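**Student:** Sharing a structure, written as structure tokens. Questions coming.
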Amino acid sequence: MELQQEQTPSVSIEDCLKLLKGEKDEQRLVGLFLVTKICKVDDIASLTRVYNAVGAKFLDRLLRTGMGKGTVSGPGEENRDAYLQLSVRILVAFCHVPDIAASEEMISKIPLLLEILSNQSGSSVLEECLEFLYLVSTTSDAGVTVLYKSGSLKIIASWMSKLADGSHPMKIFMQLVQLIISKISLDIIIINCLPELTDIVVDIARLFGVSHDAMKFEALHLLSAILSSNLTPLYDALRQVPSDVWSKHMRNGVSAILHNRTAPAEKLQALSLAESMVYIRGEGWLIGEIELPDVQDAIPSDRCLILVLEQSRVEIAVMLNELAYAKYEASKNSSLKEDIIVKQRNVATAFSLVEKIIKLVSNVGEDQGDLIDENTLMKVFRGLNETTGVVLEYLQDAKEHGQRKGDDILASVRVIGSFLAQTPDAWTEKVKELLDYMLSVEGEDEQSPFNSVCFLLPMLCQITMNVEGCKTLVSSGGLAAVVKCLINLIHKHGGWVDNDGSIFLACDTILNVLLKKELAGLLCGESSFVHLLEAIANSTEDAHEPSVIMMAASICALVFDYTSENALLSNPNFADKSLDKLCRLFSRIFALSQQSMNDDERAQMDLYEIIAAGYSRWGDRFPRVRKAIVIAPL
């Protein structure tokens with residue numbers, strides 16, 4: 001802020017200092033008033049002399065008088081608004097001196113300035129108060145702490161909701177929020193100020209959506225800093241915001257950043273915001289009306305979807321190429337490890353968005369109606385297919401370099417599983433070549449492959465619908481991997497609790513293979529089946545859901561085709577009591593078939609037919625099972 005308003009050549013700084021050192025308040029007031037006329041904020045030496053001359057106590061009295069809390073003697077004592085303006089203005093001037101701004105005297109005034117802003121009188125000195133808070137907070141961490149603890153976010157949220165978009169005060173408020181979240185943990189802020197932070201996000205979203213200048217980028221950076229932390233309480237609070245206008249502003253802002261020529265780092269931040277919004281509002285957020293400043297014609301509702309997909313594809317292609325090179329160079333230069341972590345994080349964002357888009361378009365017929373036209377849908381699938389090829393090449397390179405561990409490799413496997421579950425006939429030869437490798441991939445914190453198998457289950461369930469897909473799975477050792485995965489899932493959840501569908505995807509994949517009689521020669525002697533029977537025996541005793549017991553029994557019925565009671569009991573990995581449990585499982589199934597069934601039970605009749613047909617084939621080889629079943633002849 002420039003203090004000098006007009007030239008006053010007849011008054012010098014020395015004259016001001018004499019007045020400021022006077023014994024009467026009237027003299028000091030005149031001295032301060034003259035300081036505002038002749039001092040410039042970049043005259044650090046003069047400001048320091050003035051500050052030392054006037055003294056902290058008088059400044060405090062003057063401020064409190066302007067607030068109606070104290071008394072300064074002299075004419076015009078009743079004109080508190082003038083005192084308030086003078087005191088705040090002179091405080092701002094002093095705070096252009098870093099040492100003064102960082103002093104305890106100035107930090108202690110933060111609560112008073114916030115109190116002024118919380119009252120009606122704050123309107124007359126809004127910008128001066130904000131500048132004071134900003135100057136003090138930028139020169140001292142203690143200042144930021146006091147700013148936060150004094151309830152600043154509540155005041156900021158109140159003001160931001162009524163300020164004009166793009167105004168100077170709005171800009172400073174955003175800078176104050178940025179200072180606070182850079183010094184105070186968002187976890188702590190959410191515990192203490194969740195409603196205020198929610199309101200602030202909504203207000204910044206408005207600015208992000210409607211601004212067409214530098215303020216849009218400031219809003220982008222601040223929103224990215226707040227929302228990229230993936231803090232569940234904040235996301236939940238934003239879901240409860242009554243109006244959907246803020247999410248439309250976010251879609252406008254993200255689309256504008258991706259549509260225009262902006263820096264790569266800002267496009268990445270826009271993708272990060274898109275990822276957060278999809279998490280908060282669902283995949284459908286990508287579809288909706290948008291407004292772009294340089295586009296006059298009506299914009300298709302799927303434009304945001306296309307922009308996000310295309311930028312995600314660009315990032316994946318660039319980042320995977322850079323990651324492959326960086327990993328090679330890292331073996332010779334350890335300083336590149338941090339760069340690799342950053343690239344892995346960036347590609348994870350793009351991968352996440354691609355997966356959400358796959359989910360969106362796979363459900364388009366069910367949920368999205370006509371919001372995505374056929375041409376757009378074909379364009380999306382072509383783009384996804386090309387990106388799948390890029391990811392497969394990255395996995396091929398990782399395989400050739402003996403890299404099986406890494407979150408980026410695991411994320412690549414996940415994307416492959418998601419897309420090829422929708423188009424199982426795509427990239428058949430490449431999948432056949434890489435399947436054993438993909439099933440062996442481990443995340444950074446994993447001790448053995450597990451998540452990679454889970455991520456591939458949607459694809460495996462689809463490709464095993466035909467014999468060739470089953471052969472690919474079995475010949476690659478994938479069936480044993482799926483069986484082991486199913487066992488681990490059952491143990492992990494303490495039963496057949498299937499929150500994400502992984503257990504039944506694994507079961508369906510195993511059933512698909514076991515039902516292919518052409519594979520009998522390949523399945524004989526599969527050692528993993530014994531462990532699976534053990535897991536089923538120990539996990540279905542207390543199960544009552546028809547879908548669970550029917551699925552479990554149907555797998556057992558098909559596995560029994562490849563063994564006998566004597567062979568099982570002679571296997572050291574199979575307990576005698578486990579056979580008793582399986583006998584009770586089959587007994588329950590056949591008893592159920594003789595009773596009147598409810599809708600859930602009738603829906604499982606196709607599985608019952610598999611069980612009954614299996615029993616007719618191997619019943620003679622399992623006398624204990626036969627004895628346990630009381631049923632009319634099949």
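Going through the structure tokens in order, the chains are called A, B, and so on, while each chain numbers its residues from 1 and the ligands are numbered from 1 in the order shown.
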Write out as a count of residues only each polymer residue whose atoms come within 9 Å of region 340-352 of chain A, counting only C-alpha atoms; drop sequence neighbours fewer than 6 positions from it.

**Tutor:** 25

**Student:** Contacts of Cys470 (chain A) at 9 Å or less, counting only C-alpha atoms, minus same-chain residues fewer than 6 places along, as an MDAnalysis selection string?

**Tutor:** chainID A and resid 460 463:464 479 509 512:513 516 519

**Student:** Export C-alpha atoms of the chosen residues as an mmCIF file, in the first residue's frame?

**Tutor:**
data_model
loop_
_atom_site.group_PDB
_atom_site.id
_atom_site.type_symbol
_atom_site.label_atom_id
_atom_site.label_comp_id
_atom_site.auth_asym_id
_atom_site.auth_seq_id
_atom_site.Cartn_x
_atom_site.Cartn_y
_atom_site.Cartn_z
ATOM 1 C CA LEU A 460 -10.179 -63.382 -16.433
ATOM 2 C CA ILE A 463 -11.883 -64.496 -21.242
ATOM 3 C CA THR A 464 -12.630 -67.858 -19.572
ATOM 4 C CA LEU A 479 -5.716 -70.972 -12.528
ATOM 5 C CA THR A 509 -13.521 -67.796 -13.234
ATOM 6 C CA ASN A 512 -15.720 -71.358 -16.166
ATOM 7 C CA VAL A 513 -12.559 -73.443 -16.340
ATOM 8 C CA LYS A 516 -14.836 -76.969 -19.898
ATOM 9 C CA LEU A 519 -9.523 -79.167 -20.348
#

**Student:** Pick out each residue of region 363-432 of chain A that DSSP on the backbone tags as alpha helix (DSSP H); I need them as a ChimeraX atom specification.

**Tutor:** /A:374-400,407-422,428-432

**Student:** Please indicate the distance in Å from CA of Ile44 (chain A) to CA of His96 (chain A), rounded to one decimal place.

**Tutor:**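 CA of His96 (chain A) lies 7.5 Å from CA of Ile44 (chain A).
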
**Student:** Quick one: residues within 9 Å of Trp496 (chain A), only C-alpha atoms counted, chain neighbours fewer than 2 positions away excluded, as a list in words?

**Tutor:**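 Contacts, in chain order: Leu489, Ile490, His491, His493, Gly494, Asp498, Ile503, Phe504, Ser539, Thr540, Ala543 and Val548 of chain A.
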
**Student:** Any idea what's packed within 10 Å of region 485-487 of chain A, counting only C-alpha atoms, ignoring anything in its chain fewer than 6 positions away? Could you give it as a ChimeraX atom specification?

**Tutor:** /A:449-454,457,479,495-496,502-507,510,528,531-536,539

**Student:** Take the residues from that selection and put them in a file with N, CA and C atoms, as a CSV table (one decimal), in the first residue's frame.

**Tutor:**
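File produced: again.csv:
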chain,number,residue,atom,x,y,z
A,449,PRO,N,2.3,-61.8,-4.8
A,449,PRO,CA,1.2,-61.3,-5.7
A,449,PRO,C,-0.1,-61.6,-5.1
A,450,PHE,N,-0.9,-60.6,-5.0
A,450,PHE,CA,-2.3,-60.7,-4.6
A,450,PHE,C,-3.2,-59.7,-5.3
A,451,ASN,N,-2.9,-58.5,-5.1
A,451,ASN,CA,-3.7,-57.4,-5.7
A,451,ASN,C,-3.7,-57.5,-7.3
A,452,SER,N,-2.6,-57.9,-7.8
A,452,SER,CA,-2.5,-58.1,-9.3
A,452,SER,C,-3.6,-59.1,-9.8
A,453,VAL,N,-3.7,-60.2,-9.1
A,453,VAL,CA,-4.7,-61.2,-9.4
A,453,VAL,C,-6.1,-60.6,-9.3
A,454,CYS,N,-6.3,-59.9,-8.1
A,454,CYS,CA,-7.7,-59.3,-7.9
A,454,CYS,C,-8.0,-58.4,-9.0
A,457,LEU,N,-9.1,-60.2,-12.2
A,457,LEU,CA,-10.3,-61.0,-12.1
A,457,LEU,C,-11.4,-60.7,-13.1
A,479,LEU,N,-4.6,-70.4,-13.3
A,479,LEU,CA,-5.7,-71.0,-12.5
A,479,LEU,C,-5.3,-71.2,-11.1
A,495,GLY,N,-14.4,-65.3,5.8
A,495,GLY,CA,-15.6,-65.9,5.2
A,495,GLY,C,-15.9,-65.4,3.8
A,496,TRP,N,-17.1,-65.4,3.4
A,496,TRP,CA,-17.5,-65.1,2.1
A,496,TRP,C,-18.1,-63.7,2.0
A,502,SER,N,-15.0,-59.4,-5.6
A,502,SER,CA,-13.8,-60.2,-6.0
A,502,SER,C,-14.0,-61.7,-5.7
A,503,ILE,N,-14.6,-62.1,-4.6
A,503,ILE,CA,-14.8,-63.5,-4.3
A,503,ILE,C,-15.6,-64.2,-5.4
A,504,PHE,N,-16.7,-63.6,-5.8
A,504,PHE,CA,-17.5,-64.3,-6.8
A,504,PHE,C,-16.9,-64.2,-8.2
A,505,LEU,N,-16.1,-63.1,-8.5
A,505,LEU,CA,-15.4,-63.1,-9.7
A,505,LEU,C,-14.4,-64.3,-9.8
A,506,ALA,N,-13.7,-64.5,-8.7
A,506,ALA,CA,-12.8,-65.6,-8.7
A,506,ALA,C,-13.5,-67.0,-8.8
A,507,CYS,N,-14.7,-67.1,-8.1
A,507,CYS,CA,-15.5,-68.3,-8.2
A,507,CYS,C,-16.0,-68.5,-9.6
A,510,ILE,N,-13.1,-69.7,-11.8
A,510,ILE,CA,-12.8,-71.2,-11.6
A,510,ILE,C,-13.9,-72.1,-12.2
A,528,SER,N,-3.5,-77.2,-6.3
A,528,SER,CA,-4.2,-76.1,-5.6
A,528,SER,C,-5.6,-76.4,-5.2
A,531,HIS,N,-6.2,-77.3,-1.4
A,531,HIS,CA,-6.2,-76.2,-0.5
A,531,HIS,C,-7.5,-75.4,-0.6
A,532,LEU,N,-8.1,-75.4,-1.8
A,532,LEU,CA,-9.3,-74.7,-2.0
A,532,LEU,C,-10.5,-75.5,-1.3
A,533,LEU,N,-10.5,-76.8,-1.4
A,533,LEU,CA,-11.5,-77.6,-0.7
A,533,LEU,C,-11.4,-77.4,0.8
A,534,GLU,N,-10.2,-77.3,1.3
A,534,GLU,CA,-10.0,-77.0,2.7
A,534,GLU,C,-10.6,-75.7,3.1
A,535,ALA,N,-10.3,-74.7,2.3
A,535,ALA,CA,-10.8,-73.3,2.6
A,535,ALA,C,-12.3,-73.3,2.5
A,536,ILE,N,-12.9,-74.0,1.5
A,536,ILE,CA,-14.4,-74.0,1.4
A,536,ILE,C,-15.0,-74.7,2.6
A,539,SER,N,-15.0,-72.5,5.7
A,539,SER,CA,-15.6,-71.2,5.7
A,539,SER,C,-17.1,-71.2,5.4

**Student:** So the first atom is CA of Ala557 (chain A) and the second is CA of Gly614 (chain A); what is the distance between them in Å, to one decimal place?

**Tutor:**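 One can read the CA of Ala557 (chain A) to CA of Gly614 (chain A) distance as 5.3 Å.
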
**Student:** For Glu433 (chain A), please output as a PyMOL selection string all residues within 12 Å (counting only C-alpha atoms; exclusion window: fewer than 5 positions along the same chain).

**Tutor:** chain A and resi 392-393+395-396+399+427-428+438-439+472-473+475-476

**Student:** Have a look at A:Thr65, A:Asn119, A:Ser570, A:Thr198 and name the one nearest to Ala157 (chain A); count only C-alpha atoms.

**Tutor:**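 Among A:Thr65, A:Asn119, A:Ser570, A:Thr198, it is A:Thr198 that comes nearest to Ala157 (chain A).
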
**Student:** Quick one, how far is CA of Leu47 (chain A) from CA of Asp141 (chain A)?

**Tutor:**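 About the pair CA of Leu47 (chain A) and CA of Asp141 (chain A): they are 23.1 Å apart.
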
**Student:** Determine the nearest neighbour of Glu105 (chain A) from the options A:Gly143, A:Lys40, A:Val318, A:Lys69, counting only C-alpha atoms.

**Tutor:**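 Closest residue, counting only C-alpha atoms: A:Gly143.
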
**Student:** Pick out the closest residue to Asp302 (chain A) from this set: A:Ala263, A:Asp373, A:Ala324, A:Gln240. Count only C-alpha atoms.

**Tutor:**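 Going through A:Ala263, A:Asp373, A:Ala324, A:Gln240 one by one, the smallest distance to Asp302 (chain A) is for A:Asp373.
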
**Student:** So that I can check the surroundings of Ile155 (chain A), please list as an MDAnalysis selection string every protein, DNA and RNA residue that reaches within 8 Å of it, counting only C-alpha atoms and ignoring chain neighbours fewer than 4 positions away.

**Tutor:** chainID A and resid 114 117:118 151 159

**Student:** Could you take the residues named above and write them with N, CA and C atoms, as a CSV table (one decimal), in the first residue's frame?

**Tutor:**
chain,number,residue,atom,x,y,z
A,114,LEU,N,-8.9,-9.5,13.2
A,114,LEU,CA,-9.9,-10.5,12.9
A,114,LEU,C,-11.3,-10.1,13.5
A,117,LEU,N,-12.8,-7.4,11.4
A,117,LEU,CA,-13.4,-8.0,10.2
A,117,LEU,C,-14.7,-8.7,10.5
A,118,SER,N,-14.9,-9.2,11.7
A,118,SER,CA,-16.1,-9.9,12.0
A,118,SER,C,-17.2,-8.9,12.3
A,151,GLY,N,-9.6,-18.2,14.8
A,151,GLY,CA,-10.9,-18.4,14.1
A,151,GLY,C,-11.0,-17.7,12.8
A,159,TRP,N,-16.8,-13.8,4.6
A,159,TRP,CA,-16.5,-12.8,3.6
A,159,TRP,C,-16.5,-13.3,2.2

**Student:** Would you please work out which residue, of A:Val413, A:Glu310, A:Phe217, A:Thr48, is nearest to Val380 (chain A) when using only C-alpha atoms?

**Tutor:**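 When distances to Val380 (chain A) are compared using only C-alpha atoms, the smallest one comes from A:Glu310.
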
**Student:** Go through A:Leu579, A:Val202, A:Leu360, A:Ala225 one by one, measure the shortest atom-to-atom distance of each to Arg239 (chain A) using only C-alpha atoms, and give the residue with the smallest value.

**Tutor:**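 Ranking A:Leu579, A:Val202, A:Leu360, A:Ala225 by distance to Arg239 (chain A), first place goes to A:Val202.
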
**Student:** Which residue gives the smallest distance to Ser140 (chain A) among A:Lys171, A:Lys18, A:Lys162, A:Lys183, with only C-alpha atoms counted?

**Tutor:**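 Ranked by minimum distance to Ser140 (chain A), first place goes to A:Lys183.
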